[in-house]
Amino acid sequence: MSATHDVFNQAPPLTGFSTADEPALLEALRRDGGGWGEAEVRELGARAGSAEVREWARMAEASPPVLRTHDRYGHRIDEVEFHPAWHQLMAAAVGSGQHAAPWTDARPGAHLVRTAKFYAWAQAEAGHGCPVSMTYAAVPALRAQPELAAVYEPLLASRAYDFGLRPPLGKRGLIAGMSMTEKQGGSDVRANTTRAVPTGDGSYAVTGHKWFTSAPMSDVFLMLAQTDEGLTCFLMPRVLPDGTRNTMRLQRLKDKLGNRSNASAEIEYEQALAWPVGEPGRGVRTIVEMVNMTRLDCVTGSAAGMRAGLREALHHTAHRRAFGAELIDQPLMRNVLADLAVESEAATTLALRLAAALDRSEAGDAGEGALRRLALAAGKYWVCKRGSAHAAEALECLGGNGYVEESGMPRLYREAPLLSIWEGSGNVAALDVLRALTREPDSLDAYFTEVEAASGADSRLDAAVARLRALLGELSDPHRSQLLARRVAEQLTLVLQGSLLVRHSTPAVADAFCASRLGGEWGHAFGTLPTGTDLGQILERARLKDIP
């Protein structure tokens, strides 16, 4: 063959690495009481970076689920078919306890360890993280109805992935979904029109529609419907106890920008049976804890996407030469990569700190619960926003190679916006920050207690804290507060990230973050860290150490 077809100056395939090979991840585990789970996290990370699992991820994305409304004889079946790779990914996630392990593990740090696993595994394939996350989040909401929780929680916590439409109480393990939004309301669930009417035996007959229900092949769903008392939360199974299929009609699957491996459906309910969860008329309050749990996974998933994109960029630039040198050794590219690394570590550190706050609040620490209330809403806003910009820049580091599907970068790019939209898009999250500040002032006290643990360590951080206090003082006018909501959420997150990095990261990373994100020595794009930044130390901390 002609020498013009020789392939050179291309990065080798990126396989055989560990997604848990990251100082920020492992240090947070040890620091906040999750060190006992490090071996499991490392084992899962090595599996996520294996050639086998990376191929599962590719096939699950390349072979989207297919809706079968009827069988060959004309019977209505409402089934969604998945590629076998999807089931392999799900079985591994459930088997590692990402879906519910903390609810049956009394050890301190159980939520932190679970979050670390979710972070490591989501870097392999993000779509199947949706039903995994919803199952994790369903348990605390279901506990509002103890008699239902007693029956269903053991199956939701089971590490057996048992796919198929069968009566839920006869299965080895269950997956839970959530069905809230409707055509006319979206995030405004109080505008829902789906109606539930009591049948006389404790169940309700539900009629209406849902505009966006992820993972419609889940075994059970927490959903909202109107009753005489108001909006109420219900548990709805796909298959009824007698083996008949509940009348949940899958109208179509959404043709989505990303998250293609996961099915999302429009659903019509025709007298579908469901059982109430929590106090009638208080459905939003009942299901809000589920929303908060999935918001934690939105932050974690965005951080995982950033780390995955950074890894690909580091790998490519370490093996690609241009203008006489490896890309990773060229000053401008080093600035871009270091900037991406700083953003990634800030997101990871915050996600794991939020998980630690969840552990402590579950153990009765009111201050940690208050911190989580405010920091989670703000972090959901900012970290998920940054995910899209980070994915775009990481893709660009690969140039044209990153623009083709085989690189995997388009999958990261398409997935990134979802996490900013899921469980409340930007404005919803920012308004929730205002709600926390107004209704739960203890959350702000807990927040400043946390960030001021780094007081005096960096003058730029101290100045940012002072500016934040001044900004919060402008929120007394309700109209003006809405205009400032996004800025407030952004600054709350940046200051908290700065405080965490100053206390827990290396001086190079903390200095770069404080100089750029807090001190104003930054442009409007990645790759604009100030001169004098220790790029070498930042890249050394971020590089893949377990790849030959």
# chains A, B, ... in the order shown; residues from 1 in each chain; ligands from 1

call {"tool": "residues_around", "arguments": {"residues": "stretch 447-452 of chain A", "least_positions_apart": "4", "cutoff": "7 Å", "atoms": "only C-alpha atoms", "output": "VMD selection string"}}
result
chain A and resid 371 443 496 499

call {"tool": "write_last_selection", "arguments": {"atoms": "N, CA, C and O atoms", "output": "CSV table (one decimal), in the first residue's frame"}}
result
chain,number,residue,atom,x,y,z
A,371,LEU,N,-26.7,23.9,55.1
A,371,LEU,CA,-25.7,24.2,54.1
A,371,LEU,C,-26.1,23.5,52.8
A,371,LEU,O,-26.0,24.1,51.7
A,443,SER,N,-29.7,28.7,56.4
A,443,SER,CA,-28.9,28.1,55.3
A,443,SER,C,-27.7,29.1,55.0
A,443,SER,O,-26.6,28.7,54.7
A,496,LEU,N,-17.8,29.4,47.4
A,496,LEU,CA,-17.7,28.1,48.1
A,496,LEU,C,-16.7,27.2,47.4
A,496,LEU,O,-15.9,26.6,48.1
A,499,SER,N,-13.3,28.5,48.5
A,499,SER,CA,-13.0,28.1,49.9
A,499,SER,C,-12.5,26.6,50.0
A,499,SER,O,-11.6,26.3,50.7

call {"tool": "select_by_dssp", "arguments": {"residues": "stretch 411-527 of chain A", "states": "helix (DSSP H, G or I)", "output": "ChimeraX atom specification"}}
result
/A:411-421,426-439,442-454,459-472,478-504,507-518

call {"tool": "closest_residue", "arguments": {"among": "A:His87, A:Arg360, A:Arg42, A:Lys183", "to": "A:Glu22", "atoms": "only C-alpha atoms"}}
result
A:Arg42

call {"tool": "residues_around", "arguments": {"residues": "A:Glu406", "least_positions_apart": "2", "cutoff": "12 Å", "atoms": "only C-alpha atoms", "output": "MDAnalysis selection string"}}
result
chainID A and resid 13:14 54:55 57:59 61:62 400:404 408:412

call {"tool": "select_by_dssp", "arguments": {"residues": "stretch 121-202 of chain A", "states": "strand (DSSP E)", "output": "PDB file with C-alpha atoms, in the first residue's frame"}}
result
ATOM      1  CA  ALA A 176     -38.003   3.615  40.030  1.00  0.00           C
ATOM      2  CA  GLY A 177     -38.851   6.533  37.776  1.00  0.00           C
ATOM      3  CA  MET A 178     -40.418   9.950  38.243  1.00  0.00           C
ATOM      4  CA  SER A 179     -43.269  11.441  36.218  1.00  0.00           C
ATOM      5  CA  ARG A 195     -56.490  13.854  37.757  1.00  0.00           C
ATOM      6  CA  ALA A 196     -56.638  11.078  40.372  1.00  0.00           C
ATOM      7  CA  VAL A 197     -59.956   9.770  41.690  1.00  0.00           C
ATOM      8  CA  PRO A 198     -60.284   7.357  44.642  1.00  0.00           C
TER       9      PRO A 198
END

call {"tool": "residues_around", "arguments": {"residues": "A:Gln10", "least_positions_apart": "3", "cutoff": "9 Å", "atoms": "only C-alpha atoms", "output": "list of chain:residue names"}}
result
A:Val7, A:His316, A:His319, A:Arg320, A:Arg321

call {"tool": "write_last_selection", "arguments": {"atoms": "N, CA and C atoms", "output": "PDB file, in the first residue's frame"}}
result
ATOM      1  N   VAL A   7      -0.534   5.717   8.909  1.00  0.00           N
ATOM      2  CA  VAL A   7      -1.182   6.488   9.967  1.00  0.00           C
ATOM      3  C   VAL A   7      -0.151   6.816  11.043  1.00  0.00           C
ATOM      4  N   HIS A 316      -5.199  13.168  24.227  1.00  0.00           N
ATOM      5  CA  HIS A 316      -4.943  13.544  22.832  1.00  0.00           C
ATOM      6  C   HIS A 316      -3.726  14.462  22.719  1.00  0.00           C
ATOM      7  N   HIS A 319      -0.194  13.041  22.933  1.00  0.00           N
ATOM      8  CA  HIS A 319       0.273  12.181  21.849  1.00  0.00           C
ATOM      9  C   HIS A 319       0.248  12.848  20.484  1.00  0.00           C
ATOM     10  N   ARG A 320      -0.196  14.062  20.403  1.00  0.00           N
ATOM     11  CA  ARG A 320      -0.329  14.754  19.115  1.00  0.00           C
ATOM     12  C   ARG A 320       0.739  15.832  18.997  1.00  0.00           C
ATOM     13  N   ARG A 321       1.460  15.827  17.916  1.00  0.00           N
ATOM     14  CA  ARG A 321       2.491  16.833  17.664  1.00  0.00           C
ATOM     15  C   ARG A 321       2.000  17.848  16.653  1.00  0.00           C
TER      16      ARG A 321
END

call {"tool": "residues_around", "arguments": {"residues": "A:Tyr152", "least_positions_apart": "6", "cutoff": "9 Å", "atoms": "only C-alpha atoms", "output": "ChimeraX atom specification"}}
result
/A:139,142,168-169,174

call {"tool": "atom_distance", "arguments": {"atom1": "atom CA of A:His315", "atom2": "atom CA of A:Arg47"}}
result
18.6 Å

call {"tool": "closest_residue", "arguments": {"among": "A:Leu352, A:Thr493, A:Leu483, A:Ser63", "to": "A:Leu468", "atoms": "only C-alpha atoms"}}
result
A:Thr493

call {"tool": "closest_residue", "arguments": {"among": "A:His111, A:Leu89, A:His524, A:Lys545", "to": "A:Asp21", "atoms": "only C-alpha atoms"}}
result
A:Lys545
